[in-house]
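Structure below is entry.cif: mmCIF, C-alpha atoms.
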```cif
data_data
loop_
_atom_site.label_atom_id
_atom_site.label_comp_id
_atom_site.auth_asym_id
_atom_site.auth_seq_id
_atom_site.Cartn_x
_atom_site.Cartn_y
_atom_site.Cartn_z
CA GLU I 1 -31.75 -26.01 15.69
CA VAL I 2 -29.64 -27.57 12.97
CA GLN I 3 -26.19 -28.12 14.44
CA LEU I 4 -22.89 -29.85 13.79
CA VAL I 5 -20.42 -30.16 16.67
CA GLU I 6 -16.92 -31.40 16.05
CA SER I 7 -14.62 -32.86 18.68
CA GLY I 8 -11.32 -34.70 18.92
CA GLY I 9 -8.88 -32.00 17.88
CA ASP I 10 -5.59 -32.03 19.76
CA LEU I 11 -1.86 -31.39 19.69
CA ILE I 12 -0.28 -34.45 18.10
CA GLN I 13 3.26 -35.37 17.11
CA PRO I 14 4.22 -35.85 13.45
CA GLY I 15 3.47 -39.37 12.32
CA GLY I 16 0.68 -39.75 14.85
CA SER I 17 -2.99 -40.57 14.45
CA LEU I 18 -6.15 -38.84 15.54
CA ARG I 19 -9.89 -39.42 15.14
CA LEU I 20 -12.25 -36.51 14.74
CA SER I 21 -15.96 -36.80 15.44
CA CYS I 22 -18.92 -34.68 14.41
CA ALA I 23 -22.28 -34.93 16.16
CA ALA I 24 -25.26 -33.83 14.12
CA SER I 25 -28.57 -32.66 15.54
CA GLY I 26 -31.70 -30.84 14.46
CA PHE I 27 -32.03 -32.63 11.13
CA THR I 28 -32.35 -36.14 9.73
CA PHE I 29 -28.68 -37.02 9.42
CA ASN I 30 -29.18 -40.05 7.19
CA ASN I 31 -30.85 -37.89 4.53
CA TYR I 32 -27.65 -35.93 3.83
CA ASP I 33 -24.26 -36.46 2.30
CA MET I 34 -21.45 -35.03 4.44
CA ASN I 35 -17.95 -33.58 4.08
CA TRP I 36 -14.83 -32.59 5.96
CA VAL I 37 -13.15 -29.29 5.13
CA ARG I 38 -10.07 -27.77 6.76
CA GLN I 39 -8.48 -24.38 7.03
CA ALA I 40 -4.82 -23.95 7.91
CA PRO I 41 -3.93 -20.85 9.95
CA GLY I 42 -4.26 -17.77 7.77
CA LYS I 43 -5.08 -19.87 4.69
CA GLY I 44 -8.09 -20.66 2.55
CA LEU I 45 -10.61 -23.48 2.72
CA GLU I 46 -9.54 -26.94 1.61
CA TRP I 47 -12.11 -29.66 0.89
CA LEU I 48 -10.88 -33.02 2.21
CA SER I 49 -13.47 -35.74 1.90
CA PHE I 50 -17.08 -36.58 1.01
CA ILE I 51 -19.35 -39.45 2.00
CA THR I 52 -22.82 -40.23 0.73
CA LYS I 53 -25.86 -40.87 2.96
CA THR I 54 -25.37 -44.63 2.96
CA SER I 55 -21.55 -44.57 2.79
CA THR I 56 -21.65 -46.16 -0.65
CA THR I 57 -19.56 -43.43 -2.28
CA ILE I 58 -16.51 -41.78 -0.73
CA TYR I 59 -14.07 -39.27 -2.19
CA TYR I 60 -10.83 -37.79 -0.92
CA ALA I 61 -8.60 -34.90 -1.84
CA ASP I 62 -5.22 -35.96 -3.17
CA SER I 63 -3.54 -34.35 -0.14
CA VAL I 64 -5.12 -36.82 2.29
CA ARG I 65 -5.95 -39.91 0.22
CA GLY I 66 -4.37 -42.98 1.82
CA ARG I 67 -3.88 -41.23 5.16
CA PHE I 68 -7.39 -40.11 6.13
CA THR I 69 -10.57 -42.20 6.30
CA ILE I 70 -14.08 -40.77 6.44
CA SER I 71 -16.95 -42.75 7.94
CA ARG I 72 -20.35 -42.24 9.46
CA ASP I 73 -22.77 -43.87 11.87
CA ASN I 74 -26.31 -42.93 10.91
CA ALA I 75 -27.75 -44.56 14.03
CA GLU I 76 -25.62 -42.19 16.10
CA SER I 77 -26.00 -39.21 13.71
CA SER I 78 -22.24 -38.94 13.66
CA LEU I 79 -19.49 -38.34 11.12
CA TYR I 80 -15.87 -39.30 11.64
CA LEU I 81 -12.46 -38.59 10.20
CA GLN I 82 -9.67 -41.02 11.05
CA MET I 83 -6.34 -39.32 10.39
CA SER I 84 -2.98 -41.08 10.33
CA SER I 85 0.62 -40.30 9.33
CA LEU I 86 -0.04 -36.73 10.35
CA ARG I 87 2.33 -34.01 9.13
CA ALA I 88 2.96 -30.43 10.14
CA ASP I 89 1.00 -29.21 7.12
CA ASP I 90 -2.11 -31.00 8.43
CA THR I 91 -2.28 -28.34 11.15
CA ALA I 92 -5.65 -26.67 10.67
CA ILE I 93 -9.18 -26.16 11.88
CA TYR I 94 -11.24 -29.12 10.70
CA TYR I 95 -14.89 -28.49 9.84
CA CYS I 96 -17.71 -30.98 9.50
CA VAL I 97 -20.01 -29.73 6.72
CA ARG I 98 -23.42 -30.78 5.45
CA ASP I 99 -23.88 -31.25 1.73
CA ARG I 100 -27.28 -29.77 0.98
CA LEU I 101 -29.58 -31.70 -1.29
CA GLY I 102 -28.36 -30.31 -4.60
CA GLY I 103 -24.80 -30.02 -3.37
CA ALA I 104 -23.63 -26.74 -1.84
CA PHE I 105 -22.32 -26.74 1.72
CA ASP I 106 -25.13 -25.25 3.77
CA VAL I 107 -24.36 -26.14 7.40
CA TRP I 108 -20.91 -25.87 9.00
CA GLY I 109 -19.74 -26.91 12.43
CA GLN I 110 -17.65 -24.59 14.58
CA GLY I 111 -14.54 -26.61 13.83
CA THR I 112 -11.95 -28.46 15.88
CA MET I 113 -8.28 -27.52 15.92
CA VAL I 114 -5.61 -30.06 15.03
CA THR I 115 -2.01 -29.08 15.64
CA VAL I 116 0.76 -31.36 14.41
CA SER I 117 4.03 -30.48 16.09
CA SER I 118 6.83 -32.07 18.04
CA ASP X 1 -5.68 -31.41 -11.72
CA PHE X 2 -8.89 -29.44 -11.33
CA GLN X 3 -8.41 -25.88 -10.05
CA MET X 4 -10.53 -22.90 -9.06
CA THR X 5 -8.69 -19.60 -9.48
CA GLN X 6 -10.01 -16.49 -7.75
CA SER X 7 -9.00 -12.91 -8.32
CA PRO X 8 -8.07 -10.63 -6.81
CA SER X 9 -6.66 -12.22 -3.67
CA SER X 10 -7.50 -9.07 -1.75
CA LEU X 11 -9.13 -5.71 -2.34
CA SER X 12 -9.86 -2.55 -0.46
CA ALA X 13 -12.87 -0.43 -1.39
CA SER X 14 -14.93 2.41 0.02
CA VAL X 15 -18.36 2.07 1.55
CA GLY X 16 -20.89 2.24 -1.27
CA ASP X 17 -18.49 1.00 -3.93
CA ARG X 18 -19.37 -1.78 -6.35
CA VAL X 19 -17.09 -4.75 -5.78
CA THR X 20 -16.50 -7.60 -8.22
CA ILE X 21 -14.70 -10.87 -7.52
CA THR X 22 -14.01 -13.41 -10.24
CA CYS X 23 -13.58 -17.16 -10.13
CA ARG X 24 -12.34 -19.31 -12.99
CA ALA X 25 -12.66 -23.09 -13.15
CA SER X 26 -10.04 -25.12 -15.01
CA GLN X 27 -12.83 -27.08 -16.74
CA ASP X 28 -16.52 -26.58 -17.47
CA ILE X 29 -18.57 -26.89 -14.27
CA SER X 30 -21.86 -25.69 -15.76
CA LYS X 31 -23.67 -23.72 -13.04
CA TYR X 32 -22.47 -25.79 -10.07
CA LEU X 33 -20.63 -23.03 -8.28
CA ALA X 34 -21.14 -21.69 -4.77
CA TRP X 35 -19.89 -18.56 -3.03
CA TYR X 36 -19.14 -18.44 0.70
CA GLN X 37 -18.53 -15.54 3.04
CA GLN X 38 -16.24 -15.95 6.04
CA LYS X 39 -16.07 -13.06 8.45
CA PRO X 40 -12.99 -12.79 10.69
CA GLY X 41 -13.01 -15.48 13.35
CA LYS X 42 -16.26 -16.97 12.08
CA VAL X 43 -17.41 -20.06 10.23
CA PRO X 44 -18.00 -19.86 6.45
CA LYS X 45 -21.54 -19.05 5.36
CA LEU X 46 -23.16 -20.07 2.09
CA LEU X 47 -24.16 -16.96 0.13
CA ILE X 48 -24.94 -18.19 -3.36
CA SER X 49 -25.45 -21.59 -4.97
CA ALA X 50 -25.99 -22.62 -8.57
CA ALA X 51 -23.86 -19.62 -9.58
CA SER X 52 -26.62 -17.08 -9.06
CA THR X 53 -29.18 -18.31 -6.48
CA LEU X 54 -29.06 -16.11 -3.41
CA GLN X 55 -29.59 -17.97 -0.15
CA SER X 56 -32.42 -16.95 2.14
CA GLY X 57 -31.52 -13.97 4.30
CA VAL X 58 -28.58 -12.82 2.17
CA PRO X 59 -28.85 -9.12 1.31
CA SER X 60 -29.86 -8.34 -2.25
CA ARG X 61 -26.70 -6.27 -2.78
CA PHE X 62 -24.97 -9.61 -3.32
CA SER X 63 -25.33 -11.25 -6.72
CA GLY X 64 -23.65 -14.00 -8.69
CA SER X 65 -23.35 -14.70 -12.37
CA GLY X 66 -21.61 -16.93 -14.84
CA SER X 67 -21.58 -20.48 -16.12
CA GLY X 68 -19.11 -22.91 -17.58
CA THR X 69 -15.69 -21.71 -16.44
CA ASP X 70 -16.10 -18.03 -15.56
CA PHE X 71 -18.06 -16.71 -12.61
CA THR X 72 -18.50 -13.43 -10.78
CA LEU X 73 -19.61 -12.36 -7.32
CA THR X 74 -20.74 -8.74 -7.13
CA ILE X 75 -21.48 -6.59 -4.12
CA SER X 76 -23.43 -3.66 -5.55
CA SER X 77 -22.83 -1.28 -2.64
CA LEU X 78 -20.16 -2.35 -0.15
CA GLN X 79 -21.16 -2.09 3.49
CA PRO X 80 -18.93 -2.23 6.60
CA GLU X 81 -20.48 -5.58 7.58
CA ASP X 82 -19.29 -7.09 4.27
CA VAL X 83 -15.68 -7.14 5.47
CA ALA X 84 -14.85 -10.82 5.01
CA THR X 85 -13.08 -13.36 2.86
CA TYR X 86 -15.14 -14.66 -0.05
CA SER X 87 -14.48 -18.08 -1.55
CA CYS X 88 -15.90 -19.86 -4.57
CA GLN X 89 -16.33 -23.62 -4.81
CA ARG X 90 -17.21 -26.29 -7.33
CA TYR X 91 -19.65 -28.49 -5.44
CA LEU X 92 -21.22 -31.06 -7.71
CA GLU X 93 -18.24 -33.27 -8.45
CA ALA X 94 -15.18 -34.28 -6.51
CA PRO X 95 -12.76 -32.76 -5.84
CA LYS X 96 -15.11 -30.13 -4.40
CA THR X 97 -12.37 -27.55 -4.72
CA PHE X 98 -12.46 -24.08 -3.22
CA GLY X 99 -10.86 -21.03 -4.75
CA GLY X 100 -8.06 -19.38 -2.83
CA GLY X 101 -10.30 -16.68 -1.40
CA THR X 102 -10.62 -12.92 -1.77
CA LYS X 103 -10.18 -10.76 1.31
CA VAL X 104 -12.38 -7.67 1.18
CA ASP X 105 -11.88 -4.73 3.49
CA ILE X 106 -12.90 -1.10 3.73
CA LYS X 107 -10.62 1.64 2.47
#
```
As structure tokens, how would this structure be written, given the file I've shared?
Amino acid sequence: EVQLVESGGDLIQPGGSLRLSCAASGFTFNNYDMNWVRQAPGKGLEWLSFITKTSTTIYYADSVRGRFTISRDNAESSLYLQMSSLRADDTAIYYCVRDRLGGAFDVWGQGTMVTVSS
Amino acid sequence: DFQMTQSPSSLSASVGDRVTITCRASQDISKYLAWYQQKPGKVPKLLISAASTLQSGVPSRFSGSGSGTDFTLTISSLQPEDVATYSCQRYLEAPKTFGGGTKVDIK
């Protein structure tokens, strides 16, 4: 079964840092580009970051550029999101998402909740 | 800044009604538009890619059309299980922006 499982979400104080992980299984991870998407409570989907199969190309949304860093370990079939300088408006469910060959987002993890609050 | 604008933000329709949701891109994105369905408490699901290509297993009452900047998602006969929020997305280039979403419920 194709699966993405996120972990690392937590309650964190403003200004803090957190690292999210996503474990992929059921497919050849190093054949796919990957993304992080978030959804604040009661809000829409927000794309955050993209990384190619070999990590050669990385993109970020303006809202997180300079604060968040995407990375991957193909040997471990894992995707990561290092988040720093966290703010209250970073509170959201964070999804790990596969970028299907051709581009649309075809596999989503269940998400991990990040709450930024003092 | 690139934007995807969806309308309406919410709608209420009767079972069997034809429902249309529109999505407008702030610049030409050719056919590289996807539609997602997110049922309450669930993870988003890819419905349509390339503006009009229905994903395997998606009921044929769903259809997509458009190219360039203007796109449409149509549900030809709304069913109770279609209650969800529908979001469009430009996916080929970054930023891979989503529209704000359209919440669909039953009248």
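Pairwise distance (CA of Thr56 (chain I), CA of Ser21 (chain I)) equals 19.5 Å.
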Any chance you could tabulate, as JSON lines, the residues of chain X at most 9 Å from chain I with each one's nearest atom pair and distance in Å to one decimal, using only C-alpha atoms, in chain and rising number order?
```
{"residue": "X:Tyr32", "atom": "CA", "partner": "I:Gly103", "partner_atom": "CA", "distance": 8.3}
{"residue": "X:Leu33", "atom": "CA", "partner": "I:Ala104", "partner_atom": "CA", "distance": 8.0}
{"residue": "X:Ala34", "atom": "CA", "partner": "I:Ala104", "partner_atom": "CA", "distance": 6.3}
{"residue": "X:Tyr36", "atom": "CA", "partner": "I:Phe105", "partner_atom": "CA", "distance": 8.9}
{"residue": "X:Lys42", "atom": "CA", "partner": "I:Gln110", "partner_atom": "CA", "distance": 8.1}
{"residue": "X:Val43", "atom": "CA", "partner": "I:Gln110", "partner_atom": "CA", "distance": 6.3}
{"residue": "X:Pro44", "atom": "CA", "partner": "I:Trp108", "partner_atom": "CA", "distance": 7.1}
{"residue": "X:Lys45", "atom": "CA", "partner": "I:Asp106", "partner_atom": "CA", "distance": 7.3}
{"residue": "X:Leu46", "atom": "CA", "partner": "I:Asp106", "partner_atom": "CA", "distance": 5.8}
{"residue": "X:Ile48", "atom": "CA", "partner": "I:Ala104", "partner_atom": "CA", "distance": 8.8}
{"residue": "X:Ser49", "atom": "CA", "partner": "I:Ala104", "partner_atom": "CA", "distance": 6.3}
{"residue": "X:Ala50", "atom": "CA", "partner": "I:Ala104", "partner_atom": "CA", "distance": 8.2}
{"residue": "X:Thr85", "atom": "CA", "partner": "I:Gly44", "partner_atom": "CA", "distance": 8.8}
{"residue": "X:Ser87", "atom": "CA", "partner": "I:Leu45", "partner_atom": "CA", "distance": 7.9}
{"residue": "X:Gln89", "atom": "CA", "partner": "I:Ala104", "partner_atom": "CA", "distance": 8.5}
{"residue": "X:Arg90", "atom": "CA", "partner": "I:Ala104", "partner_atom": "CA", "distance": 8.5}
{"residue": "X:Tyr91", "atom": "CA", "partner": "I:Ala104", "partner_atom": "CA", "distance": 5.6}
{"residue": "X:Leu92", "atom": "CA", "partner": "I:Gly103", "partner_atom": "CA", "distance": 5.7}
{"residue": "X:Glu93", "atom": "CA", "partner": "I:Gly103", "partner_atom": "CA", "distance": 8.9}
{"residue": "X:Ala94", "atom": "CA", "partner": "I:Tyr59", "partner_atom": "CA", "distance": 6.7}
{"residue": "X:Pro95", "atom": "CA", "partner": "I:Ala61", "partner_atom": "CA", "distance": 6.2}
{"residue": "X:Lys96", "atom": "CA", "partner": "I:Trp47", "partner_atom": "CA", "distance": 6.1}
{"residue": "X:Thr97", "atom": "CA", "partner": "I:Trp47", "partner_atom": "CA", "distance": 6.0}
{"residue": "X:Phe98", "atom": "CA", "partner": "I:Leu45", "partner_atom": "CA", "distance": 6.3}
{"residue": "X:Gly99", "atom": "CA", "partner": "I:Gly44", "partner_atom": "CA", "distance": 7.8}
{"residue": "X:Gly100", "atom": "CA", "partner": "I:Gly44", "partner_atom": "CA", "distance": 5.5}
{"residue": "X:Gly101", "atom": "CA", "partner": "I:Gly44", "partner_atom": "CA", "distance": 6.0}
```
### Query
For Asp10 (chain I), which residue among I:Gly42, I:Asp73, I:Thr112, I:Asp89 is the nearest when counting only C-alpha atoms?
I:Thr112
### Task
Can you turn the PyMOL selection byres ((chain X and resi 57-60) around 12) into a concrete residue list for this file, as a PyMOL selection string?
chain X and resi 35-37+45-49+52-56+61-64+74-79+81-82
I need the chosen residues saved as a PDB file, keeping the file's coordinate frame, with C-alpha atoms.
```pdb
ATOM      1  CA  TRP X  35     -19.890 -18.560  -3.030  1.00  0.00           C
ATOM      2  CA  TYR X  36     -19.140 -18.440   0.700  1.00  0.00           C
ATOM      3  CA  GLN X  37     -18.530 -15.540   3.040  1.00  0.00           C
ATOM      4  CA  LYS X  45     -21.540 -19.050   5.360  1.00  0.00           C
ATOM      5  CA  LEU X  46     -23.160 -20.070   2.090  1.00  0.00           C
ATOM      6  CA  LEU X  47     -24.160 -16.960   0.130  1.00  0.00           C
ATOM      7  CA  ILE X  48     -24.940 -18.190  -3.360  1.00  0.00           C
ATOM      8  CA  SER X  49     -25.450 -21.590  -4.970  1.00  0.00           C
ATOM      9  CA  SER X  52     -26.620 -17.080  -9.060  1.00  0.00           C
ATOM     10  CA  THR X  53     -29.180 -18.310  -6.480  1.00  0.00           C
ATOM     11  CA  LEU X  54     -29.060 -16.110  -3.410  1.00  0.00           C
ATOM     12  CA  GLN X  55     -29.590 -17.970  -0.150  1.00  0.00           C
ATOM     13  CA  SER X  56     -32.420 -16.950   2.140  1.00  0.00           C
ATOM     14  CA  ARG X  61     -26.700  -6.270  -2.780  1.00  0.00           C
ATOM     15  CA  PHE X  62     -24.970  -9.610  -3.320  1.00  0.00           C
ATOM     16  CA  SER X  63     -25.330 -11.250  -6.720  1.00  0.00           C
ATOM     17  CA  GLY X  64     -23.650 -14.000  -8.690  1.00  0.00           C
ATOM     18  CA  THR X  74     -20.740  -8.740  -7.130  1.00  0.00           C
ATOM     19  CA  ILE X  75     -21.480  -6.590  -4.120  1.00  0.00           C
ATOM     20  CA  SER X  76     -23.430  -3.660  -5.550  1.00  0.00           C
ATOM     21  CA  SER X  77     -22.830  -1.280  -2.640  1.00  0.00           C
ATOM     22  CA  LEU X  78     -20.160  -2.350  -0.150  1.00  0.00           C
ATOM     23  CA  GLN X  79     -21.160  -2.090   3.490  1.00  0.00           C
ATOM     24  CA  GLU X  81     -20.480  -5.580   7.580  1.00  0.00           C
ATOM     25  CA  ASP X  82     -19.290  -7.090   4.270  1.00  0.00           C
TER      26      ASP X  82
END
```
### Message
Please compute the CA of Ile93 (chain I)-CA of Ile21 (chain X) distance, one decimal, in Å.
### Response
25.3 Å
### Query
Where does the PyMOL selection byres ((chain I and resi 77) around 9) land in this file, that is, which residues does it pick, as a list in words?
Cys22, Ala23, Ala24, Ser25, Thr28, Phe29, Asn30, Arg72, Asp73, Asn74, Ala75, Glu76, Ser78 and Leu79 of chain I
Excluding same-chain residues fewer than 3 positions from Ser30 (chain X), what lies within 9 Å of it counting all atoms listed in the file, as a compact mmCIF listing (two decimals) with C-alpha atoms, in the frame of the given file?
```
# COMPACT_ATOMS: atom_id res chain seq x y z
CA LEU X 33 -20.63 -23.03 -8.28
CA ALA X 50 -25.99 -22.62 -8.57
CA ALA X 51 -23.86 -19.62 -9.58
CA GLY X 66 -21.61 -16.93 -14.84
CA SER X 67 -21.58 -20.48 -16.12
CA GLY X 68 -19.11 -22.91 -17.58
CA THR X 69 -15.69 -21.71 -16.44
```
### Message
List as a PyMOL selection string the protein and nucleic acid residues near Lys103 (chain X), meaning an atom at most 7 Å away when all atoms listed in the file are counted, but skip any in the same chain fewer than 4 places from it.
### Response
chain X and resi 9-11+84-86
### Task
Considering only C-alpha atoms, state which residue in the set X:Arg24, X:Lys107, X:Arg18, X:Lys31 is at the smallest distance from Asp70 (chain X).
X:Arg24
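For the pair CA of Gln3 (chain X) and CA of Gly66 (chain I), the separation is 21.2 Å.
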Please, can region 78-89 of chain I be completed to all heavy atoms and returned as a short mmCIF file (atom, residue, chain, number, x, y, z; two decimals), in the frame of the given file?
```
data_model
loop_
_atom_site.label_atom_id
_atom_site.label_comp_id
_atom_site.auth_asym_id
_atom_site.auth_seq_id
_atom_site.Cartn_x
_atom_site.Cartn_y
_atom_site.Cartn_z
N SER I 78 -23.62 -39.38 13.49
CA SER I 78 -22.24 -38.94 13.66
C SER I 78 -21.40 -39.18 12.41
O SER I 78 -21.59 -40.17 11.71
CB SER I 78 -21.59 -39.65 14.84
OG SER I 78 -22.19 -39.26 16.06
N LEU I 79 -20.46 -38.27 12.21
CA LEU I 79 -19.49 -38.34 11.12
C LEU I 79 -18.11 -38.41 11.75
O LEU I 79 -17.87 -37.80 12.80
CB LEU I 79 -19.60 -37.08 10.24
CG LEU I 79 -18.66 -36.96 9.06
CD1 LEU I 79 -19.07 -37.95 7.96
CD2 LEU I 79 -18.68 -35.54 8.51
N TYR I 80 -17.21 -39.12 11.10
CA TYR I 80 -15.87 -39.30 11.64
C TYR I 80 -14.81 -39.04 10.58
O TYR I 80 -15.06 -39.17 9.39
CB TYR I 80 -15.70 -40.73 12.18
CG TYR I 80 -16.74 -41.11 13.20
CD1 TYR I 80 -17.82 -41.91 12.84
CD2 TYR I 80 -16.64 -40.66 14.52
CE1 TYR I 80 -18.78 -42.26 13.77
CE2 TYR I 80 -17.61 -41.01 15.45
CZ TYR I 80 -18.68 -41.80 15.07
OH TYR I 80 -19.64 -42.13 15.99
N LEU I 81 -13.62 -38.67 11.07
CA LEU I 81 -12.46 -38.59 10.20
C LEU I 81 -11.28 -39.20 10.95
O LEU I 81 -10.83 -38.64 11.95
CB LEU I 81 -12.15 -37.14 9.80
CG LEU I 81 -11.04 -37.00 8.76
CD1 LEU I 81 -11.49 -37.58 7.40
CD2 LEU I 81 -10.62 -35.54 8.60
N GLN I 82 -10.85 -40.37 10.49
CA GLN I 82 -9.67 -41.02 11.05
C GLN I 82 -8.45 -40.52 10.30
O GLN I 82 -8.38 -40.68 9.08
CB GLN I 82 -9.78 -42.54 10.94
CG GLN I 82 -8.58 -43.28 11.47
CD GLN I 82 -8.45 -43.16 12.99
OE1 GLN I 82 -9.41 -43.34 13.72
NE2 GLN I 82 -7.23 -42.88 13.45
N MET I 83 -7.52 -39.91 11.01
CA MET I 83 -6.34 -39.32 10.39
C MET I 83 -5.09 -40.05 10.87
O MET I 83 -4.93 -40.26 12.08
CB MET I 83 -6.25 -37.84 10.74
CG MET I 83 -7.49 -37.06 10.40
SD MET I 83 -7.32 -35.29 10.68
CE MET I 83 -7.13 -35.25 12.44
N SER I 84 -4.22 -40.42 9.96
CA SER I 84 -2.98 -41.08 10.33
C SER I 84 -1.82 -40.46 9.56
O SER I 84 -2.02 -39.66 8.64
CB SER I 84 -3.07 -42.59 10.05
OG SER I 84 -3.27 -42.82 8.67
N SER I 85 -0.61 -40.84 9.95
CA SER I 85 0.62 -40.30 9.33
C SER I 85 0.55 -38.78 9.25
O SER I 85 0.85 -38.18 8.21
CB SER I 85 0.82 -40.91 7.93
OG SER I 85 0.89 -42.30 7.98
N LEU I 86 0.17 -38.17 10.34
CA LEU I 86 -0.04 -36.73 10.35
C LEU I 86 1.27 -35.97 10.18
O LEU I 86 2.33 -36.40 10.66
CB LEU I 86 -0.74 -36.31 11.64
CG LEU I 86 -2.24 -36.63 11.66
CD1 LEU I 86 -2.81 -36.62 13.06
CD2 LEU I 86 -3.00 -35.67 10.76
N ARG I 87 1.17 -34.86 9.46
CA ARG I 87 2.33 -34.01 9.13
C ARG I 87 2.05 -32.61 9.63
O ARG I 87 0.91 -32.23 9.90
CB ARG I 87 2.55 -33.99 7.62
CG ARG I 87 2.50 -35.35 6.97
CD ARG I 87 2.81 -35.31 5.51
NE ARG I 87 1.88 -34.51 4.72
CZ ARG I 87 1.38 -34.92 3.57
NH1 ARG I 87 1.65 -36.14 3.13
NH2 ARG I 87 0.59 -34.13 2.87
N ALA I 88 3.10 -31.81 9.68
CA ALA I 88 2.96 -30.43 10.14
C ALA I 88 1.95 -29.66 9.29
O ALA I 88 1.21 -28.82 9.80
CB ALA I 88 4.31 -29.73 10.12
N ASP I 89 1.92 -29.96 7.99
CA ASP I 89 1.00 -29.21 7.12
C ASP I 89 -0.44 -29.69 7.22
O ASP I 89 -1.31 -29.19 6.51
CB ASP I 89 1.47 -29.20 5.67
CG ASP I 89 1.53 -30.58 5.03
OD1 ASP I 89 1.23 -31.57 5.74
OD2 ASP I 89 1.86 -30.67 3.83
#
```
